[in-house]
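Enquirer: To be precise about what I am sending: the file is called data-v2.txt and holds compact mmCIF, C-alpha atoms.
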```
# COMPACT_ATOMS: atom_id res chain seq x y z
CA MET A 1 -121.69 -36.09 -93.90
CA PHE A 2 -124.46 -37.95 -95.57
CA ARG A 3 -123.80 -40.93 -93.37
CA LEU A 4 -123.99 -38.69 -90.29
CA PHE A 5 -127.35 -37.36 -91.36
CA SER A 6 -128.50 -40.85 -92.21
CA ARG A 7 -127.51 -42.10 -88.77
CA LEU A 8 -129.12 -39.14 -87.06
CA TRP A 9 -132.25 -39.69 -89.09
CA SER A 10 -132.57 -43.36 -88.30
CA SER A 11 -131.97 -42.76 -84.57
CA PHE A 12 -134.05 -39.65 -84.09
CA LYS A 13 -136.45 -39.50 -87.01
CA GLU A 14 -139.51 -39.48 -84.77
CA TYR A 15 -138.18 -36.51 -82.79
CA ILE A 16 -137.04 -34.64 -85.88
CA VAL A 17 -140.43 -35.10 -87.50
CA LEU A 18 -142.14 -34.06 -84.25
CA VAL A 19 -140.09 -30.88 -83.98
CA VAL A 20 -140.68 -29.99 -87.64
CA LEU A 21 -144.42 -30.57 -87.40
CA VAL A 22 -144.68 -28.64 -84.13
CA ILE A 23 -142.86 -25.71 -85.75
CA VAL A 24 -145.20 -25.90 -88.73
CA SER A 25 -148.19 -25.94 -86.32
CA PHE A 26 -146.95 -22.84 -84.50
CA PHE A 27 -146.32 -21.16 -87.82
CA SER A 28 -149.88 -21.98 -88.87
CA LEU A 29 -151.15 -20.34 -85.69
CA SER A 30 -149.50 -17.12 -86.77
CA ILE A 31 -150.98 -17.04 -90.28
CA ASN A 32 -154.60 -17.57 -89.29
CA GLN A 33 -155.74 -14.12 -90.39
CA LYS A 34 -154.21 -14.24 -93.88
CA PRO A 35 -156.76 -13.95 -96.70
CA GLU A 36 -155.39 -17.00 -98.52
CA ILE A 37 -155.84 -19.17 -95.46
CA LYS A 38 -159.35 -17.81 -95.00
CA ASN A 39 -160.21 -18.68 -98.60
CA ILE A 40 -158.91 -22.21 -98.22
CA ARG A 41 -160.87 -22.64 -95.03
CA ALA A 42 -164.00 -21.29 -96.67
CA ILE A 43 -163.72 -23.84 -99.49
CA ALA A 44 -162.97 -26.71 -97.09
CA PHE A 45 -165.71 -25.74 -94.69
CA GLY A 46 -168.26 -25.17 -97.46
CA SER A 47 -167.63 -28.53 -99.10
CA PHE A 48 -167.82 -30.40 -95.84
CA ALA A 49 -170.89 -28.51 -94.70
CA ALA A 50 -172.79 -29.74 -97.76
CA VAL A 51 -172.29 -33.30 -96.57
CA THR A 52 -172.97 -32.65 -92.89
CA SER A 53 -176.15 -30.75 -93.72
CA ILE A 54 -177.60 -33.90 -95.32
CA VAL A 55 -176.80 -35.93 -92.24
CA SER A 56 -178.14 -33.17 -89.96
CA ASP A 57 -181.40 -33.04 -91.90
CA LEU A 58 -181.84 -36.78 -91.50
CA ILE A 59 -181.24 -36.50 -87.76
CA ASN A 60 -183.53 -33.50 -87.43
CA ILE A 61 -186.47 -35.28 -89.04
CA THR A 62 -186.85 -37.28 -85.86
CA LYS A 63 -186.92 -34.13 -83.73
CA ILE A 64 -189.29 -32.17 -85.96
CA LYS A 65 -192.55 -33.41 -84.48
CA SER A 66 -191.77 -32.51 -80.88
CA GLU A 67 -190.13 -29.25 -81.95
CA ASN A 68 -193.24 -28.43 -83.97
CA LYS A 69 -195.45 -28.88 -80.94
CA GLN A 70 -193.16 -26.73 -78.82
CA LEU A 71 -193.05 -24.01 -81.47
CA ARG A 72 -196.82 -23.94 -81.76
CA GLU A 73 -197.09 -23.36 -78.04
CA VAL A 74 -194.48 -20.63 -78.16
CA ASN A 75 -196.30 -19.10 -81.11
CA ALA A 76 -199.58 -18.99 -79.23
CA ASN A 77 -197.94 -17.32 -76.24
CA LEU A 78 -196.22 -14.80 -78.47
CA MET A 79 -199.49 -14.00 -80.20
CA LEU A 80 -201.10 -13.21 -76.85
CA GLN A 81 -198.14 -11.08 -75.89
CA VAL A 82 -198.19 -9.17 -79.18
CA ASN A 83 -201.90 -8.55 -78.80
CA ARG A 84 -201.39 -7.23 -75.32
CA LEU A 85 -198.57 -4.97 -76.48
CA ARG A 86 -200.73 -3.70 -79.31
CA GLU A 87 -203.41 -2.85 -76.78
CA TYR A 88 -200.88 -0.99 -74.66
CA GLY A 89 -199.69 0.87 -77.74
CA LEU A 90 -203.21 2.00 -78.67
CA GLN A 91 -203.97 2.91 -75.08
CA ASN A 92 -200.78 4.90 -74.99
CA GLU A 93 -201.79 6.86 -78.09
CA GLU A 94 -205.21 7.56 -76.66
CA LEU A 95 -203.82 8.72 -73.35
CA LYS A 96 -201.29 10.96 -75.07
CA ASN A 97 -204.13 12.65 -76.96
CA LEU A 98 -206.09 13.05 -73.79
CA LEU A 99 -203.14 14.69 -72.12
CA LYS A 100 -203.12 17.29 -74.91
CA ILE A 101 -206.69 18.25 -74.06
CA LYS A 102 -205.81 18.46 -70.39
CA ASP A 103 -203.12 20.93 -71.21
CA SER A 104 -205.29 23.00 -73.55
CA LEU A 105 -208.48 23.25 -71.48
CA ASN A 106 -208.62 25.42 -68.40
CA TYR A 107 -211.50 23.56 -66.85
CA PRO A 108 -210.99 20.93 -64.20
CA LEU A 109 -210.77 17.52 -65.82
CA ILE A 110 -211.43 14.28 -63.97
CA PRO A 111 -209.83 11.34 -65.76
CA ALA A 112 -211.83 8.13 -65.98
CA SER A 113 -212.02 4.87 -67.85
CA ILE A 114 -215.09 3.18 -69.20
CA VAL A 115 -215.67 0.00 -67.26
CA SER A 116 -218.76 -1.09 -69.13
CA LYS A 117 -220.89 0.00 -72.06
CA SER A 118 -224.53 -0.52 -72.71
CA PHE A 119 -225.54 0.28 -76.24
CA SER A 120 -229.08 -0.59 -77.08
CA LYS A 121 -230.93 1.06 -79.97
CA VAL A 122 -232.25 3.85 -77.79
CA GLN A 123 -230.42 3.84 -74.49
CA GLY A 124 -226.69 4.13 -74.91
CA SER A 125 -224.91 4.55 -71.58
CA ILE A 126 -221.46 4.01 -70.15
CA THR A 127 -220.19 3.26 -66.66
CA LEU A 128 -217.11 5.18 -65.56
CA ASN A 129 -214.66 4.38 -62.79
CA ALA A 130 -214.86 7.85 -61.25
CA GLY A 131 -217.49 8.80 -58.72
CA ILE A 132 -218.43 11.25 -56.00
CA LYS A 133 -215.14 10.80 -54.20
CA ASP A 134 -213.38 12.05 -57.37
CA GLY A 135 -215.64 15.07 -57.56
CA VAL A 136 -218.07 13.75 -60.16
CA LYS A 137 -221.61 15.12 -60.08
CA PRO A 138 -224.65 14.43 -62.21
CA GLY A 139 -224.85 16.83 -65.10
CA MET A 140 -221.13 16.97 -65.84
CA PRO A 141 -220.16 16.52 -69.50
CA VAL A 142 -218.03 13.54 -70.50
CA ILE A 143 -215.51 14.17 -73.24
CA ASN A 144 -212.41 12.77 -74.91
CA ASP A 145 -209.90 14.23 -77.38
CA GLN A 146 -212.44 13.89 -80.20
CA GLY A 147 -215.39 15.60 -78.63
CA LEU A 148 -218.49 15.26 -76.48
CA ILE A 149 -219.43 11.75 -75.45
CA GLY A 150 -222.32 12.31 -73.10
CA ILE A 151 -223.53 13.66 -69.77
CA VAL A 152 -223.19 12.12 -66.31
CA TYR A 153 -226.59 10.94 -65.24
CA ASN A 154 -225.90 9.41 -61.85
CA ALA A 155 -222.92 9.01 -59.54
CA SER A 156 -222.08 6.72 -56.65
CA ARG A 157 -219.07 6.89 -54.43
CA ASP A 158 -216.65 5.22 -56.87
CA TYR A 159 -218.52 5.03 -60.15
CA SER A 160 -220.82 7.04 -62.33
CA ILE A 161 -223.13 6.40 -65.25
CA ALA A 162 -223.28 8.70 -68.22
CA ARG A 163 -225.84 8.88 -70.98
CA THR A 164 -224.10 9.01 -74.30
CA LEU A 165 -225.24 11.05 -77.29
CA ARG A 166 -226.87 7.84 -78.54
CA ASN A 167 -229.42 7.91 -75.79
CA PHE A 168 -233.02 8.72 -76.51
CA ASP A 169 -233.35 10.64 -73.26
CA LEU A 170 -230.47 13.03 -73.95
CA LYS A 171 -231.21 16.17 -75.90
CA ILE A 172 -228.59 18.85 -76.32
CA THR A 173 -228.66 22.32 -77.75
CA VAL A 174 -226.06 22.53 -80.50
CA LYS A 175 -224.82 25.14 -82.94
CA ASP A 176 -223.58 25.07 -86.52
CA GLN A 177 -220.10 26.54 -86.08
CA ARG A 178 -220.13 28.11 -89.56
CA SER A 179 -223.60 29.63 -89.76
CA ARG A 180 -224.10 30.03 -85.96
CA ILE A 181 -227.53 28.44 -86.17
CA ASP A 182 -228.80 26.70 -83.04
CA GLY A 183 -230.92 23.62 -82.81
CA ILE A 184 -231.86 20.70 -80.58
CA MET A 185 -229.95 17.47 -81.26
CA LYS A 186 -231.28 14.08 -80.25
CA TRP A 187 -230.89 10.40 -81.01
CA ASN A 188 -233.70 8.91 -83.11
CA GLY A 189 -232.67 5.31 -82.72
CA GLU A 190 -230.49 5.31 -85.84
CA ASN A 191 -228.87 8.70 -86.24
CA LEU A 192 -228.06 11.85 -84.36
CA VAL A 193 -230.35 14.50 -85.77
CA ILE A 194 -230.93 18.19 -85.24
CA VAL A 195 -234.66 18.60 -85.40
CA ASN A 196 -236.93 21.48 -86.37
CA VAL A 197 -234.36 23.33 -88.40
CA PRO A 198 -236.22 25.72 -90.75
CA LYS A 199 -235.58 25.00 -94.37
CA THR A 200 -234.44 28.55 -94.89
CA TYR A 201 -231.60 28.17 -92.42
CA ASP A 202 -228.06 27.88 -93.77
CA VAL A 203 -226.96 24.37 -92.87
CA GLU A 204 -224.91 22.31 -95.28
CA PRO A 205 -223.27 18.90 -95.27
CA GLY A 206 -219.75 19.17 -93.90
CA ASP A 207 -220.61 21.82 -91.34
CA ARG A 208 -219.07 21.35 -87.93
CA ILE A 209 -221.52 21.04 -85.02
CA ILE A 210 -220.56 22.11 -81.51
CA THR A 211 -222.48 22.47 -78.27
CA SER A 212 -224.27 25.74 -78.05
CA ASP A 213 -223.69 28.39 -75.38
CA LEU A 214 -227.46 28.42 -75.03
CA SER A 215 -227.32 24.89 -73.61
CA SER A 216 -228.07 24.60 -69.93
CA ILE A 217 -226.43 21.16 -69.77
CA VAL A 218 -223.10 21.86 -71.49
CA PRO A 219 -222.13 25.43 -70.79
CA VAL A 220 -218.90 25.35 -72.84
CA PRO A 221 -218.51 24.84 -76.60
CA LEU A 222 -217.47 21.24 -77.28
CA PRO A 223 -217.15 19.48 -80.65
CA VAL A 224 -220.07 17.17 -81.33
CA GLY A 225 -219.99 16.01 -84.93
CA ILE A 226 -220.29 16.86 -88.57
CA VAL A 227 -223.36 17.36 -90.75
CA THR A 228 -223.73 14.44 -93.15
CA GLY A 229 -227.01 15.31 -94.74
CA LEU A 230 -230.38 16.94 -94.64
CA SER A 231 -233.59 14.97 -94.80
CA ASN A 232 -235.68 17.11 -97.10
CA ILE A 233 -239.14 16.60 -95.78
CA LYS A 234 -241.44 17.67 -98.58
CA THR A 235 -244.30 18.68 -96.38
CA GLY A 236 -243.70 21.16 -93.61
CA ILE A 237 -241.20 23.91 -93.14
CA PHE A 238 -238.55 22.10 -91.09
CA ASN A 239 -235.59 19.96 -92.00
CA GLU A 240 -233.94 17.21 -90.08
CA VAL A 241 -230.14 17.57 -90.06
CA LYS A 242 -228.20 14.34 -89.74
CA VAL A 243 -225.03 14.55 -87.71
CA LYS A 244 -222.18 12.05 -87.58
CA PRO A 245 -220.49 12.28 -84.15
CA PHE A 246 -216.74 12.76 -83.91
CA VAL A 247 -216.51 10.19 -81.14
CA ASP A 248 -216.36 6.47 -81.95
CA PHE A 249 -218.59 5.18 -79.18
CA VAL A 250 -217.62 1.57 -79.80
CA ARG A 251 -213.88 2.12 -79.41
CA VAL A 252 -213.70 4.85 -76.78
CA GLU A 253 -212.13 3.70 -73.51
CA ASN A 254 -210.47 6.57 -71.69
CA VAL A 255 -212.37 9.80 -71.03
CA PHE A 256 -212.38 13.00 -69.06
CA ILE A 257 -215.26 14.30 -67.02
CA LEU A 258 -215.49 18.07 -67.26
CA GLY A 259 -215.74 19.25 -63.68
CA ILE A 260 -218.42 21.85 -64.30
CA VAL A 261 -222.21 21.81 -64.13
CA GLY A 262 -224.71 24.24 -65.62
CA SER A 263 -225.45 27.10 -63.21
CA LYS A 264 -228.64 26.43 -61.25
CA GLN A 265 -228.94 30.09 -60.55
CA ILE A 266 -229.13 30.94 -64.27
CA ASN A 267 -231.52 28.06 -64.87
CA ASN A 268 -233.83 29.20 -62.06
CA LEU A 269 -233.68 32.78 -63.23
CA GLU A 270 -234.60 31.85 -66.79
CA LEU A 271 -237.32 29.47 -65.64
CA ASN A 272 -238.87 32.15 -63.41
CA PHE A 273 -238.67 34.66 -66.22
CA TYR A 274 -240.47 32.38 -68.69
CA ASN A 275 -243.04 31.34 -66.13
CA ARG A 276 -243.79 34.97 -65.27
CA ASN A 277 -244.24 35.81 -68.94
CA GLU A 278 -246.60 32.93 -69.48
CA ASN A 279 -248.64 34.01 -66.55
CA MET B 1 -148.49 -49.81 -95.46
CA LYS B 2 -149.37 -47.28 -98.11
CA THR B 3 -152.93 -48.58 -98.37
CA ASP B 4 -153.20 -48.41 -94.58
CA TYR B 5 -152.17 -44.77 -94.73
CA ILE B 6 -154.61 -43.92 -97.47
CA PHE B 7 -157.36 -45.80 -95.69
CA ALA B 8 -156.53 -43.98 -92.44
CA VAL B 9 -156.97 -40.63 -94.14
CA LEU B 10 -160.11 -41.66 -96.00
CA LEU B 11 -161.70 -43.04 -92.84
CA PHE B 12 -161.19 -39.66 -91.24
CA PHE B 13 -163.94 -37.96 -93.26
CA PRO B 14 -166.96 -40.10 -92.41
CA LEU B 15 -165.79 -40.16 -88.82
CA LEU B 16 -165.63 -36.36 -88.82
CA VAL B 17 -169.18 -36.21 -90.19
CA ILE B 18 -170.31 -38.37 -87.26
CA GLN B 19 -168.22 -36.29 -84.86
CA THR B 20 -169.83 -33.02 -85.96
CA THR B 21 -173.44 -34.18 -86.42
CA ILE B 22 -174.29 -37.10 -84.15
CA VAL B 23 -171.75 -36.88 -81.33
CA PRO B 24 -172.87 -33.39 -80.13
CA LEU B 25 -176.26 -34.96 -79.37
CA ILE B 26 -174.68 -37.09 -76.67
CA ALA B 27 -172.74 -34.31 -74.97
CA ILE B 28 -172.67 -34.31 -71.17
CA ASN B 29 -172.17 -30.84 -69.73
CA GLY B 30 -170.52 -29.79 -72.96
CA ILE B 31 -168.08 -32.71 -72.97
CA ILE B 32 -168.10 -34.92 -76.06
CA PRO B 33 -166.03 -37.97 -76.99
CA ASP B 34 -163.36 -37.49 -79.65
CA LEU B 35 -163.69 -40.22 -82.28
CA ILE B 36 -160.73 -38.82 -84.22
CA ILE B 37 -158.42 -39.58 -81.30
CA ILE B 38 -159.64 -43.18 -81.22
CA LEU B 39 -158.84 -43.47 -84.92
CA LEU B 40 -155.43 -41.83 -84.44
CA VAL B 41 -154.46 -44.07 -81.55
CA PHE B 42 -155.59 -47.15 -83.49
CA TYR B 43 -153.42 -46.38 -86.50
CA THR B 44 -150.49 -45.23 -84.38
CA LEU B 45 -150.45 -48.59 -82.60
CA LYS B 46 -150.79 -50.29 -85.94
CA LEU B 47 -148.27 -48.31 -88.00
CA GLY B 48 -145.75 -46.86 -85.55
CA GLN B 49 -144.76 -43.65 -83.84
CA LEU B 50 -143.49 -41.82 -86.93
CA HIS B 51 -146.62 -42.56 -88.92
CA GLY B 52 -148.78 -41.74 -85.94
CA THR B 53 -147.11 -38.34 -85.57
CA ILE B 54 -147.59 -37.51 -89.24
CA LEU B 55 -151.14 -38.85 -89.20
CA GLY B 56 -151.90 -36.71 -86.17
CA PHE B 57 -150.60 -33.69 -88.04
CA ILE B 58 -152.78 -34.47 -91.06
CA TYR B 59 -155.84 -35.10 -88.94
CA GLY B 60 -155.28 -31.89 -87.06
CA LEU B 61 -154.80 -29.88 -90.24
CA LEU B 62 -157.96 -31.25 -91.84
CA PHE B 63 -159.91 -30.82 -88.62
CA ASP B 64 -158.93 -27.17 -88.29
CA LEU B 65 -159.65 -26.40 -91.92
CA ILE B 66 -163.03 -28.11 -91.99
CA THR B 67 -164.44 -27.16 -88.61
CA GLY B 68 -163.23 -23.55 -88.68
CA GLY B 69 -161.19 -23.81 -85.50
CA LEU B 70 -157.93 -21.96 -84.92
CA LEU B 71 -155.60 -23.26 -87.63
CA GLY B 72 -152.71 -24.92 -85.89
CA SER B 73 -154.45 -25.74 -82.60
CA SER B 74 -155.62 -29.25 -83.50
CA MET B 75 -152.53 -29.70 -85.64
CA LEU B 76 -150.35 -29.22 -82.59
CA SER B 77 -152.47 -31.23 -80.16
CA LYS B 78 -152.97 -34.24 -82.43
CA THR B 79 -149.35 -34.25 -83.57
CA ILE B 80 -148.21 -34.49 -79.97
CA THR B 81 -150.93 -37.06 -79.21
CA GLY B 82 -149.76 -39.23 -82.10
CA PHE B 83 -146.19 -38.92 -80.87
CA VAL B 84 -147.03 -39.80 -77.26
CA THR B 85 -149.18 -42.80 -78.11
CA GLY B 86 -146.47 -43.94 -80.51
CA TYR B 87 -144.38 -44.87 -77.48
CA PHE B 88 -146.71 -47.85 -76.99
CA TYR B 89 -146.09 -49.16 -80.49
CA ASN B 90 -144.49 -52.54 -80.54
CA GLU B 91 -144.40 -54.81 -83.57
CA ASN B 92 -144.76 -57.84 -81.33
CA LYS B 93 -147.45 -56.46 -79.04
CA LYS B 94 -149.94 -55.20 -81.59
CA ASP B 95 -152.46 -57.88 -80.70
CA ILE B 96 -152.19 -57.19 -77.03
CA TYR B 97 -152.75 -53.46 -77.37
CA LEU B 98 -155.39 -53.46 -80.09
CA LYS B 99 -157.62 -56.22 -78.81
CA SER B 100 -157.57 -55.59 -75.07
CA LEU B 101 -158.45 -52.91 -72.59
CA SER B 102 -154.92 -51.60 -72.91
CA PHE B 103 -156.18 -49.87 -76.02
CA SER B 104 -158.73 -47.95 -73.92
CA LEU B 105 -156.03 -46.90 -71.47
CA ILE B 106 -153.82 -45.65 -74.29
CA VAL B 107 -156.84 -43.80 -75.74
CA LEU B 108 -157.39 -42.25 -72.28
CA LEU B 109 -153.81 -41.03 -72.24
CA GLY B 110 -153.96 -39.73 -75.81
CA SER B 111 -157.30 -38.04 -75.36
CA THR B 112 -156.20 -36.40 -72.10
CA VAL B 113 -153.08 -35.02 -73.77
CA ASP B 114 -155.07 -33.81 -76.78
CA SER B 115 -157.82 -32.13 -74.72
CA PHE B 116 -155.31 -30.54 -72.36
CA ILE B 117 -153.22 -29.00 -75.16
CA LEU B 118 -156.30 -27.92 -77.10
CA SER B 119 -157.81 -26.24 -74.05
CA PHE B 120 -154.93 -23.74 -73.94
CA PHE B 121 -156.20 -22.29 -77.19
CA SER B 122 -159.65 -21.61 -75.82
CA THR B 123 -160.63 -18.99 -73.28
CA THR B 124 -159.40 -20.12 -69.92
CA ASP B 125 -160.34 -18.88 -66.51
CA LEU B 126 -157.04 -17.91 -64.99
CA ASN B 127 -158.51 -17.97 -61.50
CA ILE B 128 -158.93 -21.75 -61.39
CA SER B 129 -156.12 -24.00 -60.23
CA ILE B 130 -154.07 -26.04 -62.67
CA THR B 131 -155.38 -29.27 -61.12
CA THR B 132 -158.98 -28.29 -61.64
CA PHE B 133 -158.13 -27.12 -65.12
CA PHE B 134 -156.40 -30.43 -65.90
CA ILE B 135 -159.31 -32.48 -64.58
CA GLU B 136 -162.01 -30.42 -66.32
CA GLN B 137 -160.27 -29.87 -69.60
CA GLY B 138 -158.16 -33.02 -69.83
CA ILE B 139 -159.34 -35.97 -67.77
CA LEU B 140 -163.10 -35.73 -68.18
CA PRO B 141 -163.11 -35.54 -72.01
CA GLY B 142 -160.54 -38.35 -71.95
CA ILE B 143 -162.76 -40.56 -69.86
CA TYR B 144 -165.72 -40.02 -72.15
CA THR B 145 -163.60 -40.86 -75.21
CA THR B 146 -162.29 -43.96 -73.44
CA VAL B 147 -165.83 -45.20 -72.89
CA PHE B 148 -166.37 -45.02 -76.63
CA SER B 149 -163.12 -46.82 -77.35
CA ILE B 150 -164.40 -49.78 -75.32
CA ILE B 151 -167.36 -50.00 -77.68
CA VAL B 152 -164.95 -50.04 -80.63
CA ILE B 153 -162.85 -52.82 -79.05
CA VAL B 154 -165.89 -54.94 -78.30
CA PHE B 155 -167.49 -54.69 -81.73
CA TYR B 156 -164.43 -54.34 -83.98
CA PRO B 157 -163.91 -57.40 -86.22
CA ARG B 158 -160.76 -59.18 -85.15
CA ARG B 159 -159.66 -60.08 -88.64
CA MET B 160 -159.29 -56.38 -89.56
CA ILE B 161 -156.51 -55.97 -87.03
CA ASP B 162 -154.51 -58.73 -88.66
```
Take the structure in the file and give it back as structure tokens.
Expert:
Amino acid sequence: MFRLFSRLWSSFKEYIVLVVLVIVSFFSLSINQKPEIKNIRAIAFGSFAAVTSIVSDLINITKIKSENKQLREVNANLMLQVNRLREYGLQNEELKNLLKIKDSLNYPLIPASIVSKSFSKVQGSITLNAGIKDGVKPGMPVINDQGLIGIVYNASRDYSIARTLRNFDLKITVKDQRSRIDGIMKWNGENLVIVNVPKTYDVEPGDRIITSDLSSIVPVPLPVGIVTGLSNIKTGIFNEVKVKPFVDFVRVENVFILGIVGSKQINNLELNFYNRNEN
Amino acid sequence: MKTDYIFAVLLFFPLLVIQTTIVPLIAINGIIPDLIIILLVFYTLKLGQLHGTILGFIYGLLFDLITGGLLGSSMLSKTITGFVTGYFYNENKKDIYLKSLSFSLIVLLGSTVDSFILSFFSTTDLNISITTFFIEQGILPGIYTTVFSIIVIVFYPRRMID
């Protein structure tokens, strides 16, 4: 028996070994998912990876310089993209807020964007990309979700110019929302101020200022700003009330033009009445 | 013989480091030469068919464990490769096979067999014909490995073979 096996072995050992090893290989295929095999592989792979990582690092040193240059370029492009996306995000927020006003106000609103700004010490004005063809007329108030920005001064077919609150030539009748006191607000080159407010009048810091219904320019109540202080002039009987506007004139970009103008009929009537009385 | 065996196994590790770090840098359309096959064929022609078969099994086992491939796939392919190339073993013709271009042709055969068997364990497109499959998955990797075996033959010190 032993001799038979010995003869078989010497004649066919290569084939016997092949068959055994092939069977073992197929068996190994079937036990791939066993946890013990996974552990062994993890140890083998981990140990070998420590060596290959050293060799890889040495190889990668040669590629680092060109990769660095490429990555810097990619970085710059990504920075521009991120900036642009941030802009879109902010614009989106602003537009969403504007849409809320559109829904809440019953007046016709003409949407517009500011195409240029001109802010000198005394003559702040903005150019809007809405004009006569959009229904814009001089005298229309310009607003955003925060409050009154200014008044349209001139309009062409496609564009219009508006004087902002920070314009020396724009004076608006405003009201203290709490105490219902009216006054004339203007820009003095540094601050928005309500002038000629009697010292006895009830105006305090923190009071909300809106456009007055007495105004012939802005016939509807619109938020203007908040009282920040009173300049106590020692001589005289009037105070100067400083107002901080709600609108950030530097950052504003998207606006609405309120599609209404003060009634000429009322203006003429009042003017005739005052003139008659003077005479 | 025993020292040859031990040396054959020890030589496997640095060669595997080169195979996994440097060789991928010279891939052509995803095809890389297999330095392990060159080593296997060399020692099979030097030691015989039986030793070549066992060596193929060991190489395959270590390769699968270390590289994370399907355990058993390289074991099977390299075992069969060692067995097939063992048919060229001849005590009297060692010099002829190891020092001439015959070595490259045997490497081509071994590499083709290895790549072909191994490719059955990867995702295959069943719509392609068997001929295309054989050429893409068997012949082309074999040719690339053969090119490398020529370099080994040219630069290998002759006294090592003896």
Enquirer: Can you check which residues of chain A have any atom within 10 Å of chain B? Use only C-alpha atoms and format it as an MDAnalysis selection string.
Expert: chainID A and resid 13:19 21:33 37:38 40:49 51:57 59
Enquirer: Can you tell me, as a list of chain:residue names, what residues are no more than 10 Å from Phe116 in chain B when counting all atoms listed in the file, ignoring any on the same chain fewer than 3 positions away?
Expert: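 Everything that qualifies: B:Ser77, B:Gly110, B:Ser111, B:Thr112, B:Val113, B:Ser119, B:Phe120, B:Phe121, B:Phe133, B:Phe134, B:Ile135, B:Glu136, B:Gln137, B:Gly138, B:Ile139, B:Pro141, B:Gly142.
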Enquirer: If you count all atoms listed in the file, which residues fall within 8 Å of Thr127 in chain A, apart from same-chain ones fewer than 5 positions away, as a PyMOL selection string?
Expert: chain A and resi 114-117+159-162
Enquirer: So which residues touch range 148-157 of chain B within 9 Å, counting all atoms listed in the file, skipping near sequence neighbours fewer than 2 positions away, as a ChimeraX atom specification?
Expert: /B:33-35,38,98-101,103-104,107-108,143-146,159-161
Enquirer: How many Å separate CA of Leu192 in chain A from CA of Lys244 in chain A?
Expert: 6.7 Å
